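Notes for the one structure printed next.
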Amino acid sequence: MTTTHEPLAASFDAAFAGSISTPGDPDYDTARAIWNGVIDGHPAVIARCSSTADVVAAVNLTRTAGVPLAIRAGGHSLPGFSSCDDGVVIDLTRLRTVTVDPDRGLAFVEPGATWADFDAATANHGLASTGGLISSTGVAGLTLGGGIGWLQRKYGLACDNLRSAQVVTADGDLIEADDELLWGLRGGGGNFGVVTRFVFDLHPVSTVLGGLLMFPFDRAGEVLHAFRAWAADAPDEASLLAAVNFAPPEPFVPLELVGQRVVALVGCWCGDLADGERALQPLRALGPAVDLFGPMPYVALQGMLDGGAPHGLRNYFRGGFVADLSDEVIAVVLEHGAVMPAPMSQIHLHQMGGAAGRVGASTSSFSGRAAAYTYNLIGTWTDPAEDAERIAGVRAAAAAMSPLSLGSYVNFEGETGAGRARATYGPEIYNRLSRLKGQYDPANLFRRNQNVQPTP
């Protein structure tokens, strides 16, 4: 440890009831590693919390020390907001209990829980709520940024199902969020404090019609145009994404497609299964090379894409919203999909609308309500020597999408910096967030996020 680290570690030893890890400890390198392997943060103290009181103590100690603060819940943050250099990481991963009240249809969730934790607990009661597409994603980060998931068109985004929240503020106060703070938490990211308890509405979901249809890439234009026409009238029970990616070496993939570019339609129907079979028929009539749609537990669907996003690979994403799957958007997807490097690059087009498009701005700060699709330009690789090339490729695709976009989505946005949050939220939402930030965090202690500057 440096001389700067030593007094900080000593202050935590004296006043923090959880455990800490500091440079030189045997577990330090393991403790500081997060999901995105590009991020190589070296915090002075990793404070592992075992209670809400630990969170309060860690916030107070960090504020007093005047060092950077990062919050780690699931740790999937693309830009590395869940780590820092020479500061404190408040590690919430031990706080992952999910308690279900089936009679009231509520889930009480600690901040370190992942969607795998959440779904396992709620599935025991035949209930679910909209969660992320990768089960190792943290409930906290995904919800605070909005929260796209398979149930969004039927039941709204993850943030739309957030009924209440307990928050530790920058002053170290433990409060119940009022309506205005809840508005900010539903899409405004981690700008306002550390949420130590989430309460979610649950819905009756157990077996869904889920899976994928896969086509060779030379049919991508045809498939995307057909998907656009189908999605325009799709019922709320349907929630699909179109993906350009590389076919994995799985038994269900024909040998001639393994390792090749493909276009896939992935997702679920969360309603009557016979109705879902009928609704999917126009897409199946296209004649996919692979058809894996069938009845499955919702929990199985939630883990279906996990193999494509393991811990520790190098990642850079850019994401945003588009008003429609226009010919121009399709052209950009085809152009950049044709040159993206194998084997883990992807382009996703998430079908929006339905319930996710009907929530008013008065209850949520999520900025993508008008979008018909949310796109995600995904770069994933293993060799650090390829960092510059891979990041440049995703940036080129993002630049091509930018003139067609309604803004960016904070949970898919790998870029940070001045003006990024303002451009993401637009002036009306941003200014309201800024006033809220000025109320709860005027000194901007919580700035490891898509940062909203506080208005005094």
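Chain labels run A, B, ... following the order of the structure tokens; each chain numbers its residues from 1, and ligands are numbered from 1 in the order shown.
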Name the residues in contact with segment 220-227 of chain A at a cut-off of 10 Å, using only C-alpha atoms, excluding same-chain residues fewer than 6 positions from it; report them as a PyMOL selection string.
chain A and resi 214+240-244+261-265+282-283+286+288+325-327+330-331+333-334+337+349+351
Could you list, as a list in words, every residue within 10 Å of Gln346 of chain A, counting only C-alpha atoms and ignoring same-chain residues fewer than 3 positions away?
Ala243, Val244, Asn245, Phe246, Arg261, Val262, Val263, Gly308, Phe317, His336, Gly337, Met340, Pro341, Ala342, Pro343, Asn376, Leu377, Ile378, Gly379, Thr380 and Val394 of chain A
When you look at Leu106 of chain A with a cut-off of 8 Å (counting only C-alpha atoms), what residues show up, excluding the ones that are within fewer than 3 positions of it in the same chain? I need them as a ChimeraX atom specification.
/A:100-103,199-202
Residues at most 8 Å from Ser434 of chain A, counting only C-alpha atoms, excluding those fewer than 4 positions away in the same chain, as a PyMOL selection string?
chain A and resi 430+438+452-455
Please identify all polymer residues within 9 Å of segment 159-168 of chain A, counting only C-alpha atoms, omitting same-chain residues fewer than 4 positions from it, and present them as a count of residues only.
43
I need the residues in segment 44-126 of chain A that are alpha helix (DSSP H) according to DSSP; give them as a ChimeraX atom specification.
/A:52-65,115-123
Restricting to only C-alpha atoms, whichever of A:Cys268, A:Val299, A:Ala392, A:Val89 is closest to Ala123 of chain A is A:Val299
Counting only C-alpha atoms, what is within 12 Å of Met352 of chain A, bar same-chain residues fewer than 4 positions away, as a PyMOL selection string?
chain A and resi 147-157+228+231-232+234-242+320-325+356-358+368-375
Set the distance at 7 Å and use only C-alpha atoms: which residues neighbour Leu69 of chain A once local chain neighbours fewer than 3 positions away are removed? I'd like the list as a ChimeraX atom specification.
/A:62,87-89,446
Restricting the calculation to only C-alpha atoms, which member of A:Ala158, A:Val45, A:Met401, A:Ala73 is positioned closest to Leu133 of chain A?
A:Ala158
Which value, in Å to one decimal, gives the distance between atom CA of Gly126 of chain A and atom CA of Gly75 of chain A?
28.0 Å
To one decimal place, how far is atom CA of Phe16 of chain A from atom CA of Ser51 of chain A in Å?
10.7 Å
Proximity to Gln439 of chain A - best of A:Val339, A:Val329, A:Ala398, A:Leu181, only C-alpha atoms:
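Among the listed residues, the smallest separation from Gln439 of chain A belongs to A:Leu181.
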Which residue is closest to Asp86 of chain A? Choose from A:Pro111, A:Gly141, A:Pro23, A:Gly417 and count only C-alpha atoms.
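For Asp86 of chain A, the nearest of the given residues is A:Pro23.
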Filtered DSSP result for segment 287-401 of chain A, state strand (DSSP E), as a ChimeraX atom specification
/A:290-291,294-297,314-322,346-351,373-381
Write a file of the just-selected residues containing N, CA, C and O atoms, as a short mmCIF file (atom, residue, chain, number, x, y, z; two decimals), in the first residue's frame.
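After the write, part38.cif holds the following:
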data_model
loop_
_atom_site.label_atom_id
_atom_site.label_comp_id
_atom_site.auth_asym_id
_atom_site.auth_seq_id
_atom_site.Cartn_x
_atom_site.Cartn_y
_atom_site.Cartn_z
N VAL A 290 -32.47 -22.87 -38.02
CA VAL A 290 -32.60 -23.39 -36.66
C VAL A 290 -33.87 -22.80 -36.06
O VAL A 290 -34.12 -21.60 -36.16
N ASP A 291 -34.68 -23.65 -35.44
CA ASP A 291 -35.88 -23.21 -34.74
C ASP A 291 -35.89 -23.87 -33.37
O ASP A 291 -36.15 -25.06 -33.24
N GLY A 294 -39.92 -22.97 -28.08
CA GLY A 294 -40.77 -23.97 -27.46
C GLY A 294 -41.06 -23.57 -26.03
O GLY A 294 -40.48 -22.62 -25.49
N PRO A 295 -41.97 -24.26 -25.37
CA PRO A 295 -42.27 -23.96 -23.97
C PRO A 295 -41.04 -24.20 -23.08
O PRO A 295 -40.34 -25.20 -23.24
N MET A 296 -40.80 -23.28 -22.18
CA MET A 296 -39.69 -23.43 -21.24
C MET A 296 -39.97 -22.61 -19.99
O MET A 296 -40.73 -21.64 -20.03
N PRO A 297 -39.37 -22.99 -18.86
CA PRO A 297 -39.49 -22.14 -17.67
C PRO A 297 -38.89 -20.76 -17.94
O PRO A 297 -37.85 -20.65 -18.60
N ARG A 314 -13.10 -8.97 -22.48
CA ARG A 314 -12.95 -7.55 -22.76
C ARG A 314 -14.18 -7.09 -23.55
O ARG A 314 -14.57 -7.71 -24.54
N ASN A 315 -14.77 -5.98 -23.10
CA ASN A 315 -16.04 -5.54 -23.67
C ASN A 315 -16.06 -4.04 -23.92
O ASN A 315 -15.54 -3.25 -23.12
N TYR A 316 -16.69 -3.67 -25.02
CA TYR A 316 -16.99 -2.27 -25.29
C TYR A 316 -18.29 -2.23 -26.08
O TYR A 316 -18.40 -2.86 -27.13
N PHE A 317 -19.31 -1.55 -25.53
CA PHE A 317 -20.62 -1.47 -26.16
C PHE A 317 -20.96 -0.01 -26.43
O PHE A 317 -20.49 0.90 -25.75
N ARG A 318 -21.83 0.18 -27.38
CA ARG A 318 -22.53 1.46 -27.56
C ARG A 318 -23.99 1.14 -27.84
O ARG A 318 -24.29 0.20 -28.59
N GLY A 319 -24.88 1.90 -27.27
CA GLY A 319 -26.29 1.59 -27.45
C GLY A 319 -27.15 2.82 -27.46
O GLY A 319 -26.79 3.86 -26.91
N GLY A 320 -28.32 2.70 -28.07
CA GLY A 320 -29.23 3.83 -28.13
C GLY A 320 -30.59 3.42 -28.63
O GLY A 320 -30.91 2.23 -28.76
N PHE A 321 -31.41 4.42 -28.93
CA PHE A 321 -32.80 4.21 -29.31
C PHE A 321 -33.02 4.68 -30.75
O PHE A 321 -32.43 5.66 -31.20
N VAL A 322 -33.91 3.99 -31.45
CA VAL A 322 -34.35 4.44 -32.78
C VAL A 322 -35.87 4.41 -32.82
O VAL A 322 -36.52 3.59 -32.15
N GLN A 346 -21.45 -8.64 -31.81
CA GLN A 346 -22.88 -8.78 -32.03
C GLN A 346 -23.52 -7.41 -32.25
O GLN A 346 -23.00 -6.39 -31.78
N ILE A 347 -24.65 -7.40 -32.91
CA ILE A 347 -25.52 -6.23 -32.98
C ILE A 347 -26.91 -6.70 -32.58
O ILE A 347 -27.45 -7.65 -33.16
N HIS A 348 -27.49 -6.04 -31.59
CA HIS A 348 -28.82 -6.39 -31.11
C HIS A 348 -29.80 -5.27 -31.39
O HIS A 348 -29.47 -4.08 -31.23
N LEU A 349 -31.01 -5.63 -31.77
CA LEU A 349 -32.11 -4.70 -31.95
C LEU A 349 -33.26 -5.20 -31.08
O LEU A 349 -33.94 -6.17 -31.42
N HIS A 350 -33.47 -4.55 -29.93
CA HIS A 350 -34.48 -4.98 -28.97
C HIS A 350 -35.82 -4.35 -29.31
O HIS A 350 -35.93 -3.12 -29.39
N GLN A 351 -36.83 -5.17 -29.47
CA GLN A 351 -38.18 -4.69 -29.72
C GLN A 351 -38.70 -3.98 -28.49
O GLN A 351 -38.74 -4.53 -27.39
N TYR A 373 -37.26 0.58 -31.02
CA TYR A 373 -36.18 -0.39 -30.80
C TYR A 373 -35.07 0.27 -30.00
O TYR A 373 -34.82 1.48 -30.11
N THR A 374 -34.41 -0.54 -29.19
CA THR A 374 -33.15 -0.15 -28.57
C THR A 374 -32.06 -1.00 -29.19
O THR A 374 -32.19 -2.22 -29.28
N TYR A 375 -30.99 -0.35 -29.65
CA TYR A 375 -29.91 -1.12 -30.27
C TYR A 375 -28.72 -1.22 -29.32
O TYR A 375 -28.50 -0.35 -28.47
N ASN A 376 -27.98 -2.30 -29.47
CA ASN A 376 -26.76 -2.52 -28.70
C ASN A 376 -25.68 -3.02 -29.65
O ASN A 376 -25.86 -4.06 -30.30
N LEU A 377 -24.60 -2.26 -29.77
CA LEU A 377 -23.46 -2.60 -30.63
C LEU A 377 -22.40 -3.19 -29.72
O LEU A 377 -21.80 -2.48 -28.92
N ILE A 378 -22.16 -4.49 -29.84
CA ILE A 378 -21.40 -5.24 -28.85
C ILE A 378 -20.05 -5.66 -29.39
O ILE A 378 -19.96 -6.39 -30.39
N GLY A 379 -19.01 -5.21 -28.72
CA GLY A 379 -17.67 -5.71 -29.00
C GLY A 379 -17.18 -6.51 -27.81
O GLY A 379 -17.14 -6.02 -26.69
N THR A 380 -16.81 -7.77 -28.05
CA THR A 380 -16.29 -8.65 -26.99
C THR A 380 -15.12 -9.42 -27.55
O THR A 380 -15.20 -9.98 -28.65
N TRP A 381 -14.00 -9.44 -26.81
CA TRP A 381 -12.79 -10.09 -27.30
C TRP A 381 -11.92 -10.49 -26.11
O TRP A 381 -12.28 -10.23 -24.96
#
Pick from A:Thr22, A:Asn444, A:Ser367, A:Thr416: nearest to Ser77 of chain A, with only C-alpha atoms counted?
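Of the candidates, the smallest distance to Ser77 of chain A is held by A:Thr416.
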